[in-house]
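Below is one structure, written out as structure tokens; the observations come after it.
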Amino acid sequence: MEQSGDKLVNCSCCKGNACYESEFTTEEGKIKTWLCMTCGFTTNSTMTEDSEALNKTLELTADLIKDLRQNYDGLAWFPTAITMPDKGMIFPEPVKGTSTLEGKQDWQWTVVKAIDIPEEEQEKYPDPRNPGTFYEKRMDMKNLKRFNKLSFMDAAEELGMFEKPTTPVYNIPKKIGKSGEFGTSSISGK
């Protein structure tokens with residue numbers, strides 16, 4: 001798979017200007033994906049009406065996410081759910097006792113952070129995909145943080161999706177010697 005283009009475009013769902021568009025080339029051809037950082041809805045160019053991709057998504061997706069589906073420009077858009085095992089999760093959650101103008105339950109973004117599992121408790125959390133191993137982190141469901149449905153970027157920031165990695169030290173060539181070797185100097189990005 002080859003990634004060829006990333007840019008910000010206007011979102012078809014919320015009309016915000018922070019919709020991240022990417023294009024990939026796969027064996028099947030080019031696929032465009034969109035993720036709006038304002039409303040958190042996502043789609044890709046395979047999510048057309050009656051497509052295999054859409055049918056598979058509808059088969060595997062939670063009811064709330066299916067209920068929140070929006071259709072624009074021939075594509076089905078859904079709220080995203082993101083899991084980053086070392087950081088946590090963002091997902092749409094119903095707001096109890098509310099409803100929208102359409103009579104559906106209202107919703108919001110919820111952030112749950114990953115927390116360390118003490119080593120002596122890890123055997124309570126077996127990893128079913130890797131028998132004999134145990135999770136080192138779990139989701140802290142007691143300390144949820146909630147965000148308005150048009151504040152997906154704030155939820156993503158709370159999760160740490162935009163944190164810069166620790167600044168690495170680079171070895172930069174100073175000069176090339178007579179025999180072709182490089183001299184180096186170390187710098188840090190601070």
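Chain labels run A, B, ... following the order of the structure tokens; each chain numbers its residues from 1, and ligands are numbered from 1 in the order shown.
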Next item on the list: List the neighbours of A:Ala62 out to 12 Å using only C-alpha atoms; skip same-chain residues closer than 6 positions along the sequence, and give me the result as a PyMOL selection string.
Entry: chain A and resi 68-69+78-81+91-94
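Around A:Lys66, within 12 Å and counting only C-alpha atoms, the residues found are Phe41, Leu54, Asn55, Lys56, Thr57, Leu58, Glu59, Leu60, Ala76, Trp77, Phe78, Pro79, Thr80, Pro92 and Lys104 of chain A, once anything fewer than 6 positions away on its own chain is removed.
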Next item on the list: Taking the chain letters and numbering used in this document, name the residues of stretch 7-186 of chain A that DSSP puts in strand (DSSP E), as an MDAnalysis selection string.
Entry: chainID A and resid 7:9 19:26 29:36 41:44 70:72 75:79 82:84 88:94 107:116 137:139 145:147 169:176 182:186
Next item on the list: Can you pull out every residue within 12 Å of A:Asp6, counting only C-alpha atoms, but drop anything in the same chain fewer than 5 positions away, and send it as a list in words?
Entry: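 Residues meeting the cut-off are Cys19, Tyr20, Glu21, Ser22, Glu23, Phe24, Lys32, Thr33, Trp34 and Leu35 of chain A.
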Next item on the list: Using backbone DSSP assignments, extract all alpha helix (DSSP H) residues from stretch 31-102 of chain A; output them as a list in words.
Entry: Glu52, Ala53, Leu54, Asn55, Lys56, Thr57, Leu58, Glu59, Leu60, Asp63, Leu64, Ile65, Lys66 and Asp67 of chain A
Selection above as a file: N, CA and C atoms, as a PDB file, in the first residue's frame:
```pdb
ATOM      1  N   GLU A  52     -19.810  -3.827  -0.774  1.00  0.00           N
ATOM      2  CA  GLU A  52     -19.394  -4.873   0.156  1.00  0.00           C
ATOM      3  C   GLU A  52     -18.795  -4.254   1.419  1.00  0.00           C
ATOM      4  N   ALA A  53     -18.012  -3.183   1.264  1.00  0.00           N
ATOM      5  CA  ALA A  53     -17.389  -2.521   2.416  1.00  0.00           C
ATOM      6  C   ALA A  53     -18.446  -1.959   3.363  1.00  0.00           C
ATOM      7  N   LEU A  54     -19.466  -1.321   2.820  1.00  0.00           N
ATOM      8  CA  LEU A  54     -20.523  -0.757   3.658  1.00  0.00           C
ATOM      9  C   LEU A  54     -21.317  -1.873   4.335  1.00  0.00           C
ATOM     10  N   ASN A  55     -21.661  -2.918   3.595  1.00  0.00           N
ATOM     11  CA  ASN A  55     -22.412  -4.025   4.179  1.00  0.00           C
ATOM     12  C   ASN A  55     -21.635  -4.692   5.312  1.00  0.00           C
ATOM     13  N   LYS A  56     -20.327  -4.864   5.144  1.00  0.00           N
ATOM     14  CA  LYS A  56     -19.480  -5.455   6.184  1.00  0.00           C
ATOM     15  C   LYS A  56     -19.426  -4.531   7.397  1.00  0.00           C
ATOM     16  N   THR A  57     -19.318  -3.232   7.176  1.00  0.00           N
ATOM     17  CA  THR A  57     -19.305  -2.263   8.272  1.00  0.00           C
ATOM     18  C   THR A  57     -20.611  -2.332   9.056  1.00  0.00           C
ATOM     19  N   LEU A  58     -21.725  -2.375   8.355  1.00  0.00           N
ATOM     20  CA  LEU A  58     -23.026  -2.428   9.015  1.00  0.00           C
ATOM     21  C   LEU A  58     -23.195  -3.725   9.815  1.00  0.00           C
ATOM     22  N   GLU A  59     -22.598  -4.798   9.319  1.00  0.00           N
ATOM     23  CA  GLU A  59     -22.684  -6.090   9.998  1.00  0.00           C
ATOM     24  C   GLU A  59     -21.884  -6.089  11.304  1.00  0.00           C
ATOM     25  N   LEU A  60     -20.746  -5.380  11.330  1.00  0.00           N
ATOM     26  CA  LEU A  60     -19.815  -5.460  12.455  1.00  0.00           C
ATOM     27  C   LEU A  60     -19.870  -4.278  13.415  1.00  0.00           C
ATOM     28  N   ASP A  63     -24.748  -0.615  17.280  1.00  0.00           N
ATOM     29  CA  ASP A  63     -26.007   0.017  16.881  1.00  0.00           C
ATOM     30  C   ASP A  63     -25.950   1.541  16.937  1.00  0.00           C
ATOM     31  N   LEU A  64     -25.360   2.115  17.979  1.00  0.00           N
ATOM     32  CA  LEU A  64     -25.296   3.570  18.079  1.00  0.00           C
ATOM     33  C   LEU A  64     -24.580   4.165  16.868  1.00  0.00           C
ATOM     34  N   ILE A  65     -23.469   3.578  16.494  1.00  0.00           N
ATOM     35  CA  ILE A  65     -22.699   4.088  15.353  1.00  0.00           C
ATOM     36  C   ILE A  65     -23.511   3.953  14.069  1.00  0.00           C
ATOM     37  N   LYS A  66     -24.196   2.834  13.905  1.00  0.00           N
ATOM     38  CA  LYS A  66     -25.064   2.659  12.727  1.00  0.00           C
ATOM     39  C   LYS A  66     -26.191   3.692  12.727  1.00  0.00           C
ATOM     40  N   ASP A  67     -26.771   3.959  13.902  1.00  0.00           N
ATOM     41  CA  ASP A  67     -27.862   4.939  14.005  1.00  0.00           C
ATOM     42  C   ASP A  67     -27.405   6.355  13.666  1.00  0.00           C
TER      43      ASP A  67
END
```
Check: Hey, what's within 12 Å of A:Glu157 if we count only C-alpha atoms and toss same-chain stuff fewer than 3 positions away? As a PyMOL selection string, please?
Finding: chain A and resi 37-38+87-90+111+113+145+147+151-154+160-164
Selection to disk with C-alpha atoms, as a compact mmCIF listing (two decimals), in the first residue's frame:
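Just written: result.txt:
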```txt
# COMPACT_ATOMS: atom_id res chain seq x y z
CA MET A 37 -11.28 16.51 13.37
CA THR A 38 -14.32 18.68 14.21
CA LYS A 87 -3.01 5.77 25.39
CA GLY A 88 -6.71 4.89 25.54
CA MET A 89 -9.89 5.16 23.48
CA ILE A 90 -12.27 7.71 21.97
CA VAL A 111 -12.31 9.54 26.21
CA LYS A 113 -7.30 6.64 29.18
CA LYS A 145 -13.97 12.48 30.12
CA PHE A 147 -16.81 16.11 24.95
CA SER A 151 -15.32 18.73 19.81
CA PHE A 152 -13.64 15.62 18.46
CA MET A 153 -10.27 17.41 18.19
CA ASP A 154 -10.42 18.28 21.91
CA GLY A 160 -2.73 12.41 23.47
CA MET A 161 -3.07 11.80 19.75
CA PHE A 162 -1.12 14.96 18.95
CA GLU A 163 1.70 14.62 21.46
CA LYS A 164 5.10 15.02 19.95
```
Notebook entry, point to check: Looking at A:Thr110, A:Asn130, A:Ser51, A:Thr43, which one is nearest to A:Val95, with distances taken over only C-alpha atoms?
Noted result: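 Among the listed residues, the smallest separation from A:Val95 belongs to A:Thr110.
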Check: Out of A:Leu150, A:Thr48, A:Gly74, A:Glu119, which residue has the shortest atom-to-atom distance to A:Tyr135 when counting only C-alpha atoms?
Finding: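 Counting only C-alpha atoms, the residue closest to A:Tyr135 is A:Glu119.
Here atom CA of A:Glu158 is placed at a distance of 11.3 Å from atom CA of A:Trp109.
For the atom pair formed by atom CA of A:Glu49 and atom CA of A:Ser99, the distance is 27.0 Å, given to one decimal.
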